[in-house]
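Some notes on the structure that comes next.
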Amino acid sequence: MKRIAALLLLCTAFIVLPALPASAGTCGQTSATTVDPNTGWRFTSRWTCGNRGGARMYGDAAYGTPTAYMDSTTSWFLCYRIGEPHSGGNDVWYYSLGDRPFPGMESRGNWGYMPAVDVYTSTDPWPGMASCPEAYSPPARTDGRRTVLFVHGYDTGGDSCSSVWANAKQMYRNHGWTDDLLKTVTYYGDYSSCDYRLYGNGTRDIPIEELGNSLAWLIWNNWSKFGVSIDIVAHSMGGLVTRAAITGTEHPDLSPSNAQAWPPYLYVEDVSTLSTPHGGAWAASTLTCIAAWHNTQCRQMSKDDPFMRDWIQGRANPQAQVRGGRGGTDWTIEGSADDGLIHYDSALDFAATAKMGHKILYNPGQGLSHAGMRTAGPGSYAMYYCDSYNPCNMTPPFSTIWSFPEYDMGGWNTNPAGTAPVEVAMWGNYYADGR
C-alpha cells in the first residue's frame, strides 16, 4: 500500500514537471561584437545554446508580435528579459537574430525574443548572461528626424492635404526633413492629395473615436509592428483623433475603448497639437457648427459631450507604449490668444490635472488665428511656455483681471521672440525630451 501511495506521489509530481525547461543544457560564452540596428544596442559577448529548430521569435518578450523564425538548433543569444509567462514554467525570454522573417516583418531584420521553453538551458535566466538594456525592444527615444504624420482638423468641405499642410511641410524641409518622412492623413472622402486615407468615403458623421481607431491601425500596420517610432503634428480636431488613437490603444480593456479592437501597442514618440480643443470648443463655436452642419463631429467637440468626458477628460497625457512602460509619448500642445474658434484655455487643457510635456501660449496681436496656427511662416512670436520638468503650474487658476492673460501665469517662462507654432512642433519632434 505504501508503494502504491509512493507511485501515486511520483505520478503527481510528474504532472507538474512541464514547469521545467523543455530540454536541459548549457550555454557557452564567446567574445564577439554585435549591434542590433533596430534598437542600437551593442553587445560584446554571445552565449551559444541549443534550441528548438523552427522556434518562433517575437518583437517583445510576449506572444503578441511574431517577427522571425530560428531554424538552426544551436544559436547564439545576447541577453534576456522578464516578460510574459510561457509553458516552460517561467517568464524568461532570450534575445537573438533569427534565420528568416515572419511574413510581413521583413523590415525587423529577423531580430526578436525567444521564450526560454525553446532554449535548452538548465537554469533560466542563464547565469552570467546580461539582462537586455531595456525592458522592451522598440527604438529608444533619440534626437533626430522620424516620419511625421500630419493630421488635419475638422473641415466643412473638400480641401486637400497638399494645400492645408503646404507651409508646414516646407518648414520641415527647410530644417532637413525629406519628403519621404512627411506624410499626410485624411479621414474625409472629399479630401484630396493625401498620403493616407482612413476611409474611402469618410464623412463628418463618423465618430471621432472611430477615426482614432482607424488612425491607430494605420500607425500599427505601417510603423509600430515593424519596431519604428513616428511623430505626429495635428491641427484642431486632428489632435482629438490622435488622442483617441493613443488612449484606445493604451486602455483597450476599459470602457469605452473596449467596444473596438485595438493594436497591441503603438510607438508614437512625439505629438504636437495646434489649437486642439482638448477642453472642448466654446459653446458658441459648437452650436454654430451643429446648426450649420448637423453632424456628429461638431457635437462631439462640445465640452459636455460624452466623447469629451469619456475619451479626453480624465485621460490627459495619454502614452503610446507597450506593456510595462517602455516607450512613451512627449506632448507639445499649443494655443493662441488670437484664435477666435478655440480658446487657449482649451487648447492648453488648463482643466486637466495631469501634466503634459510642454505647453505654449502665443500672445495676442500676432495674427495666429485658428488656421494661422498651422500656416504661419518663420518669424518671431511672443509666447508664454511651461515644460513638465520646470516648476511652473500647467493648470493656472482663474484670474479676476479680464485682460491677457486671463489666467495667473505666474511661474511660466516668457519668450518675446519665439518661433512659429509649426517650428515649435518641429523641435518638439526632433528632440527626445521635446526641448
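How things are named: the first chain in the C-alpha cells is A, the next is B, and so on; residues count from 1 in each chain; ligands count from 1 in the order shown.
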
Please list as a compact mmCIF listing (two decimals) with N, CA and C atoms, in the first residue's frame every residue within 10 Å of A:Phe77, counting only C-alpha atoms and excluding residues in the same chain fewer than 6 positions away.
# COMPACT_ATOMS: atom_id res chain seq x y z
N CYS A 27 25.07 26.71 -21.95
CA CYS A 27 25.40 27.73 -22.94
C CYS A 27 26.86 28.12 -22.78
N GLN A 29 29.97 30.92 -23.59
CA GLN A 29 30.18 32.33 -23.86
C GLN A 29 31.37 32.54 -24.78
N SER A 45 29.50 40.19 -26.03
CA SER A 45 29.53 38.75 -25.76
C SER A 45 28.31 38.08 -26.37
N ARG A 46 28.50 36.81 -26.75
CA ARG A 46 27.40 35.97 -27.20
C ARG A 46 27.39 34.70 -26.37
N TRP A 47 26.18 34.17 -26.16
CA TRP A 47 26.04 32.91 -25.46
C TRP A 47 25.41 31.90 -26.44
N THR A 48 26.14 30.83 -26.72
CA THR A 48 25.66 29.83 -27.67
C THR A 48 24.99 28.69 -26.91
N CYS A 49 23.72 28.43 -27.28
CA CYS A 49 22.91 27.44 -26.59
C CYS A 49 22.19 26.57 -27.62
N TYR A 94 14.83 35.08 -24.32
CA TYR A 94 16.19 35.36 -24.78
C TYR A 94 16.16 36.08 -26.13
N TYR A 95 17.08 37.04 -26.28
CA TYR A 95 17.10 37.90 -27.47
C TYR A 95 18.18 37.46 -28.44
N SER A 96 17.82 37.41 -29.74
CA SER A 96 18.78 36.94 -30.73
C SER A 96 18.37 37.40 -32.13
N LEU A 97 19.18 36.99 -33.10
CA LEU A 97 18.92 37.23 -34.51
C LEU A 97 18.49 35.92 -35.14
N GLY A 98 17.25 35.87 -35.65
CA GLY A 98 16.73 34.65 -36.24
C GLY A 98 17.26 34.41 -37.64
N TYR A 113 12.69 38.05 -29.60
CA TYR A 113 12.83 37.31 -28.34
C TYR A 113 12.29 35.89 -28.54
N MET A 114 12.97 34.91 -27.93
CA MET A 114 12.53 33.52 -27.95
C MET A 114 12.20 33.11 -26.51
N VAL A 119 14.62 27.34 -25.55
CA VAL A 119 16.08 27.40 -25.43
C VAL A 119 16.50 26.35 -24.41
N MET A 129 24.61 35.71 -18.18
CA MET A 129 24.05 36.46 -19.30
C MET A 129 23.40 37.74 -18.78

Inset, instruction - Write out as a ChimeraX atom specification all residues of stretch 96-141 of chain A that backbone DSSP assigns to helix (DSSP H, G or I). - result: /A:106-108,116-118

Saved selection, atoms kept: C-alpha atoms, as a PDB file, in the first residue's frame:
ATOM      1  CA  GLU A 106      10.983  41.643 -43.111  1.00  0.00           C
ATOM      2  CA  SER A 107      11.984  45.164 -42.069  1.00  0.00           C
ATOM      3  CA  ARG A 108      12.659  43.997 -38.497  1.00  0.00           C
ATOM      4  CA  ALA A 116      13.039  30.113 -22.631  1.00  0.00           C
ATOM      5  CA  VAL A 117      10.938  26.983 -23.186  1.00  0.00           C
ATOM      6  CA  ASP A 118      12.514  26.833 -26.673  1.00  0.00           C
TER       7      ASP A 118
END

Inset, instruction - Kindly indicate which residue among A:Met301, A:Arg204, A:Thr353, A:Ala420 lies nearest to A:Thr156, using only C-alpha atoms for the distances. - result: A:Arg204

Legend entry - Atomic separation - atom CA of A:Ile206 relative to atom CA of A:Thr296, Å: 6.8 Å

Inset, instruction - Mind checking which residues fall within 8 Å of stretch 231-247 of chain A, counting only C-alpha atoms, ignoring those fewer than 5 positions away in the same chain, and posting them as a ChimeraX atom specification? - result: /A:146-154,208-209,211-216,257,266,268-278,301,311-312,315,318-320,374,425,429

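Every protein, DNA or RNA residue with an atom at most 8 Å from A:Tyr344, where only C-alpha atoms count and chain neighbours fewer than 4 positions away do not, is listed here: Ser275, Gly335, Ser336, Ala337, Asp339, Leu348 and Leu361 of chain A.
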
Within 9 Å of A:Ser380, counting only C-alpha atoms, which residues show up once you throw out same-chain ones fewer than 6 positions away? Write them as an mmCIF file with C-alpha atoms, in the first residue's frame, please.
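Ended up saving to around21.cif:
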data_model
loop_
_atom_site.group_PDB
_atom_site.id
_atom_site.type_symbol
_atom_site.label_atom_id
_atom_site.label_comp_id
_atom_site.auth_asym_id
_atom_site.auth_seq_id
_atom_site.Cartn_x
_atom_site.Cartn_y
_atom_site.Cartn_z
ATOM 1 C CA PRO A 416 9.438 87.720 -26.673
ATOM 2 C CA ALA A 417 10.917 86.269 -29.855
ATOM 3 C CA GLY A 418 9.884 82.630 -30.028
ATOM 4 C CA THR A 419 9.393 80.560 -33.149
ATOM 5 C CA ALA A 420 6.230 79.881 -35.158
#

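Separating atom CA of A:Asn317 from atom CA of A:Tyr389 is a distance of 14.4 Å.
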
Legend entry - Those of stretch 58-205 of chain A in DSSP strand (DSSP E or B), formatted as JSON, numbers by chain: {"A": [58, 66, 67, 68, 69, 70, 74, 75, 76, 77, 79, 80, 81, 82, 92, 93, 94, 95, 96, 97, 100, 101, 111, 112, 113, 114, 115, 119, 120, 131, 148, 149, 150, 151, 160, 182, 183, 184, 185, 186, 192, 196, 197]}

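Taking only C-alpha atoms into account, A:Met383 lies nearest to A:Pro421 out of the set A:Gly200, A:Pro421, A:Gly340, A:Gly411.
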
Inset, instruction - Quick one: everything within 12 Å of A:Met171, counting only C-alpha atoms, minus sequence neighbours fewer than 3 positions away in the same chain. Send it as a VMD selection string. - result: chain A and resid 165 to 168 174 to 179 182 374 to 379 419 to 427

Got time to write the residues from that selection, C-alpha atoms, as a tab-separated table (two decimals), in the first residue's frame?
chain	number	residue	atom	x	y	z
A	165	TRP	CA	-0.10	71.40	-44.91
A	166	ALA	CA	1.96	73.16	-47.60
A	167	ASN	CA	3.58	75.73	-45.31
A	168	ALA	CA	4.16	73.23	-42.51
A	174	ASN	CA	13.91	73.80	-44.50
A	175	HIS	CA	15.23	72.04	-41.42
A	176	GLY	CA	16.38	68.83	-43.08
A	177	TRP	CA	13.31	66.58	-43.32
A	178	THR	CA	12.88	64.85	-46.69
A	179	ASP	CA	9.55	64.28	-48.42
A	182	LEU	CA	6.47	63.89	-44.31
A	374	ARG	CA	-0.60	75.73	-38.93
A	375	THR	CA	0.05	78.22	-41.77
A	376	ALA	CA	2.23	80.87	-40.08
A	377	GLY	CA	5.71	81.08	-41.56
A	378	PRO	CA	9.04	81.58	-39.81
A	379	GLY	CA	9.30	84.64	-37.63
A	419	THR	CA	9.39	80.56	-33.15
A	420	ALA	CA	6.23	79.88	-35.16
A	421	PRO	CA	3.83	77.15	-33.96
A	422	VAL	CA	4.90	74.62	-36.59
A	423	GLU	CA	8.55	75.28	-35.77
A	424	VAL	CA	7.83	74.63	-32.09
A	425	ALA	CA	6.16	71.37	-33.14
A	426	MET	CA	9.16	70.53	-35.30
A	427	TRP	CA	11.67	71.00	-32.50

Inset, instruction - Rounded to one decimal place, report the atom CA of A:Ala354-atom CA of A:Asp310 distance in Å. - result: 15.6 Å

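Closest approach to A:Tyr265 among A:Thr186, A:Ser388, A:Thr249, A:Gln297 is made by A:Thr249 (distances from only C-alpha atoms).
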
Inset, instruction - With a distance cut-off of 9 Å and only C-alpha atoms, select the neighbouring residues of A:Arg100, excluding the residue or stretch itself and same-chain residues fewer than 5 positions from it, and output the selection as a PyMOL selection string. - result: chain A and resi 67-71+106+109-110

Write the residues you've just listed into a file as an mmCIF file, in the first residue's frame, and include C-alpha atoms for each of them.
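Resulting contents of selection25.cif:
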data_model
loop_
_atom_site.group_PDB
_atom_site.id
_atom_site.type_symbol
_atom_site.label_atom_id
_atom_site.label_comp_id
_atom_site.auth_asym_id
_atom_site.auth_seq_id
_atom_site.Cartn_x
_atom_site.Cartn_y
_atom_site.Cartn_z
ATOM 1 C CA THR A 67 8.942 38.689 -36.006
ATOM 2 C CA ALA A 68 11.131 35.757 -37.106
ATOM 3 C CA TYR A 69 11.953 32.048 -37.022
ATOM 4 C CA MET A 70 15.118 30.375 -35.711
ATOM 5 C CA ASP A 71 15.756 27.349 -37.938
ATOM 6 C CA GLU A 106 10.983 41.643 -43.111
ATOM 7 C CA GLY A 109 15.704 42.131 -39.823
ATOM 8 C CA ASN A 110 14.880 38.804 -38.051
#
